[in-house]
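S.K.: Can you read through this structure? Questions will come right after.
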Amino acid sequence: MPLNLQMGGEGSGYIRFKPTENAWFMSGPDGPTEFDWSAPVVIDIENVELGWLYLGVGISEWEPWPNNVKTDRPTEGEFKVAAKVKFYSEKLFGDDGVRELRSNQAGVMQFIQDLYADAEANFKKGVPVVEITGSNPVKIGKGSTRIPQYLIKKFVDRPDALANGHAEPDTSNTDSADANEDDEF
């Protein structure tokens, strides 16, 4: 039997935002590659996971908080408050269309918090289809970062690719189901 080493937690594809470069990267067979947001993306913000994240050279350790309730900081390593959320777009990401954003960066954390606040009242309609429109530079403390900017285009039923173990979509909303017929993501 061949050795199967899946790097990066569950072996799922990922996306990362590098505010110093104002650039987005996604995992691929040849390593991370920069990409542009040339199509909208479904963001499963309703199922955002919070936890502790430790990033170091060659190290990425994720300690989720059960039910998103803050736990004590792990004593080993420099863990920071972080969030993990799944994105879906076959046009952008190919294969199964799912990528995971996991970050403790101040700008990305603000983006996730803002998107959750903007989408929360509409969770019964489904998951948001989001257009990433750029980023804004901001000063935070003694440093600076960039906060990704977005536009919620509509809400759709949660794609099957995002339904593995997460809340099932409310299929009673016919407007949302009709919106999936002309997927742009």
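Ordered as shown in the structure tokens, chains take letters A, B, and onward, while each chain numbers its residues from 1 and ligands are numbered from 1 in the order shown.
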Can you tell me which residues surround region 80-83 of chain A at a distance of at most 10 Å, considering only C-alpha atoms, apart from same-chain residues fewer than 2 positions away, and format the answer as a PyMOL selection string?
M.R.: chain A and resi 48-55+62-65+68+70+73-74+77-78+85+101-106+108-109+112-113
S.K.: Residues of the last selection are to be written out with N, CA and C atoms, as a PDB file, in the first residue's frame.
M.R.:
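Contents of out-v9.pdb, as written:
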```pdb
ATOM      1  N   VAL A  48     -18.828  29.021   9.815  1.00  0.00           N
ATOM      2  CA  VAL A  48     -17.473  29.417  10.171  1.00  0.00           C
ATOM      3  C   VAL A  48     -17.079  28.721  11.475  1.00  0.00           C
ATOM      4  N   GLU A  49     -15.848  28.264  11.542  1.00  0.00           N
ATOM      5  CA  GLU A  49     -15.336  27.634  12.756  1.00  0.00           C
ATOM      6  C   GLU A  49     -14.303  28.560  13.376  1.00  0.00           C
ATOM      7  N   LEU A  50     -14.380  28.719  14.683  1.00  0.00           N
ATOM      8  CA  LEU A  50     -13.412  29.519  15.424  1.00  0.00           C
ATOM      9  C   LEU A  50     -12.490  28.593  16.200  1.00  0.00           C
ATOM     10  N   GLY A  51     -11.288  29.079  16.466  1.00  0.00           N
ATOM     11  CA  GLY A  51     -10.348  28.260  17.216  1.00  0.00           C
ATOM     12  C   GLY A  51      -9.030  28.968  17.407  1.00  0.00           C
ATOM     13  N   TRP A  52      -8.041  28.173  17.787  1.00  0.00           N
ATOM     14  CA  TRP A  52      -6.683  28.654  17.970  1.00  0.00           C
ATOM     15  C   TRP A  52      -5.847  28.173  16.785  1.00  0.00           C
ATOM     16  N   LEU A  53      -4.991  29.056  16.250  1.00  0.00           N
ATOM     17  CA  LEU A  53      -4.130  28.690  15.132  1.00  0.00           C
ATOM     18  C   LEU A  53      -2.700  29.081  15.458  1.00  0.00           C
ATOM     19  N   TYR A  54      -1.803  28.137  15.255  1.00  0.00           N
ATOM     20  CA  TYR A  54      -0.370  28.379  15.417  1.00  0.00           C
ATOM     21  C   TYR A  54       0.286  28.189  14.064  1.00  0.00           C
ATOM     22  N   LEU A  55       0.908  29.241  13.561  1.00  0.00           N
ATOM     23  CA  LEU A  55       1.620  29.186  12.290  1.00  0.00           C
ATOM     24  C   LEU A  55       3.095  29.455  12.536  1.00  0.00           C
ATOM     25  N   TRP A  62      -4.088  23.670  14.168  1.00  0.00           N
ATOM     26  CA  TRP A  62      -5.438  24.193  14.348  1.00  0.00           C
ATOM     27  C   TRP A  62      -6.082  23.491  15.527  1.00  0.00           C
ATOM     28  N   GLU A  63      -6.565  24.262  16.492  1.00  0.00           N
ATOM     29  CA  GLU A  63      -7.283  23.739  17.665  1.00  0.00           C
ATOM     30  C   GLU A  63      -8.674  24.379  17.677  1.00  0.00           C
ATOM     31  N   PRO A  64      -9.695  23.688  17.143  1.00  0.00           N
ATOM     32  CA  PRO A  64     -11.037  24.288  17.087  1.00  0.00           C
ATOM     33  C   PRO A  64     -11.660  24.438  18.470  1.00  0.00           C
ATOM     34  N   TRP A  65     -12.539  25.419  18.576  1.00  0.00           N
ATOM     35  CA  TRP A  65     -13.303  25.618  19.802  1.00  0.00           C
ATOM     36  C   TRP A  65     -14.619  24.856  19.650  1.00  0.00           C
ATOM     37  N   ASN A  68     -17.848  26.736  18.816  1.00  0.00           N
ATOM     38  CA  ASN A  68     -17.332  28.108  18.687  1.00  0.00           C
ATOM     39  C   ASN A  68     -17.276  28.865  20.006  1.00  0.00           C
ATOM     40  N   LYS A  70     -14.972  29.917  23.050  1.00  0.00           N
ATOM     41  CA  LYS A  70     -13.539  30.080  23.289  1.00  0.00           C
ATOM     42  C   LYS A  70     -13.047  29.167  24.411  1.00  0.00           C
ATOM     43  N   ARG A  73      -6.177  29.052  25.794  1.00  0.00           N
ATOM     44  CA  ARG A  73      -5.122  29.037  24.777  1.00  0.00           C
ATOM     45  C   ARG A  73      -4.187  27.860  25.057  1.00  0.00           C
ATOM     46  N   PRO A  74      -3.836  27.094  24.025  1.00  0.00           N
ATOM     47  CA  PRO A  74      -2.859  26.019  24.227  1.00  0.00           C
ATOM     48  C   PRO A  74      -1.544  26.590  24.754  1.00  0.00           C
ATOM     49  N   GLY A  77       3.445  26.670  21.906  1.00  0.00           N
ATOM     50  CA  GLY A  77       3.345  27.400  20.646  1.00  0.00           C
ATOM     51  C   GLY A  77       2.675  28.752  20.818  1.00  0.00           C
ATOM     52  N   GLU A  78       2.772  29.552  19.771  1.00  0.00           N
ATOM     53  CA  GLU A  78       2.205  30.901  19.784  1.00  0.00           C
ATOM     54  C   GLU A  78       0.853  30.900  19.069  1.00  0.00           C
ATOM     55  N   VAL A  85     -13.184  28.907   7.278  1.00  0.00           N
ATOM     56  CA  VAL A  85     -14.434  28.939   6.518  1.00  0.00           C
ATOM     57  C   VAL A  85     -14.176  28.356   5.128  1.00  0.00           C
ATOM     58  N   LEU A 101     -10.356  28.642   3.785  1.00  0.00           N
ATOM     59  CA  LEU A 101      -9.596  29.798   4.256  1.00  0.00           C
ATOM     60  C   LEU A 101      -9.475  29.657   5.762  1.00  0.00           C
ATOM     61  N   ARG A 102      -8.245  29.585   6.243  1.00  0.00           N
ATOM     62  CA  ARG A 102      -7.980  29.485   7.684  1.00  0.00           C
ATOM     63  C   ARG A 102      -6.943  30.547   7.994  1.00  0.00           C
ATOM     64  N   SER A 103      -7.290  31.462   8.894  1.00  0.00           N
ATOM     65  CA  SER A 103      -6.398  32.597   9.119  1.00  0.00           C
ATOM     66  C   SER A 103      -6.557  33.176  10.519  1.00  0.00           C
ATOM     67  N   ASN A 104      -5.464  33.799  10.972  1.00  0.00           N
ATOM     68  CA  ASN A 104      -5.498  34.584  12.203  1.00  0.00           C
ATOM     69  C   ASN A 104      -5.063  36.024  11.927  1.00  0.00           C
ATOM     70  N   GLN A 105      -4.930  36.392  10.647  1.00  0.00           N
ATOM     71  CA  GLN A 105      -4.538  37.747  10.278  1.00  0.00           C
ATOM     72  C   GLN A 105      -5.664  38.723  10.597  1.00  0.00           C
ATOM     73  N   ALA A 106      -5.302  39.878  11.118  1.00  0.00           N
ATOM     74  CA  ALA A 106      -6.299  40.862  11.542  1.00  0.00           C
ATOM     75  C   ALA A 106      -7.238  41.264  10.407  1.00  0.00           C
ATOM     76  N   VAL A 108      -8.046  39.618   7.574  1.00  0.00           N
ATOM     77  CA  VAL A 108      -8.908  38.506   7.179  1.00  0.00           C
ATOM     78  C   VAL A 108      -9.957  38.244   8.255  1.00  0.00           C
ATOM     79  N   MET A 109      -9.567  38.345   9.506  1.00  0.00           N
ATOM     80  CA  MET A 109     -10.528  38.145  10.600  1.00  0.00           C
ATOM     81  C   MET A 109     -11.633  39.209  10.545  1.00  0.00           C
ATOM     82  N   ILE A 112     -14.028  38.260   7.699  1.00  0.00           N
ATOM     83  CA  ILE A 112     -14.920  37.175   8.110  1.00  0.00           C
ATOM     84  C   ILE A 112     -16.004  37.704   9.054  1.00  0.00           C
ATOM     85  N   GLN A 113     -15.618  38.527  10.006  1.00  0.00           N
ATOM     86  CA  GLN A 113     -16.586  39.101  10.956  1.00  0.00           C
ATOM     87  C   GLN A 113     -17.607  39.974  10.231  1.00  0.00           C
TER      88      GLN A 113
END
```
S.K.: Which residue, A:Ile45, A:Val156, A:Ile147, A:Val129, has the smallest gap to Phe185 (chain A) when you use only C-alpha atoms?
M.R.: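 The answer is A:Val129, which sits nearest to Phe185 (chain A).
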S.K.: Could you give me, as a VMD selection string, each residue of region 45-115 of chain A that DSSP assigns to strand (DSSP E) when run on this structure's backbone?
M.R.: chain A and resid 49 to 56 59 to 64 80 to 88 98 to 103
S.K.: Set the distance at 12 Å and use only C-alpha atoms: which residues neighbour Ala39 (chain A) once local chain neighbours fewer than 5 positions away are removed? I'd like the list as a ChimeraX atom specification.
M.R.: /A:88-93,129-133,153,183-185
S.K.: Neighbouring residues of Val98 (chain A) were defined as those with any atom within 12 Å, considering only C-alpha atoms; residues of the same chain fewer than 4 positions away were excluded. Please report them as a list in words.
M.R.: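 Contacts, with the query itself left out: Gly11, Ser12, Gly13, Tyr14, Ile15, Met26, Ser27, Val41, Val42, Ile43, Asp44, Val85, Lys86, Phe87, Tyr88, Ser89, Glu90, Lys91, Leu92, Phe93, Gly94, Pro159, Asp160, Ala161, Leu162, Ala163, Asn164 and Phe185 of chain A.
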S.K.: Mind giving me the straight-line distance from CA of Asp114 (chain A) to CA of Phe25 (chain A) in Å, one decimal?
M.R.: 21.3 Å
S.K.: Quick one: of A:Asp95, A:Thr71, A:Ile152, A:Gly134, who's nearest to Leu115 (chain A), counting only C-alpha atoms?
M.R.: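 The closest residue to Leu115 (chain A) is A:Ile152.
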S.K.: Calculated over only C-alpha atoms, which of the candidates A:Asp72, A:Pro19, A:Trp37, A:Phe123 has the smallest distance to Tyr150 (chain A)?
M.R.: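 Once distances to Tyr150 (chain A) are computed over only C-alpha atoms, the minimum belongs to A:Trp37.
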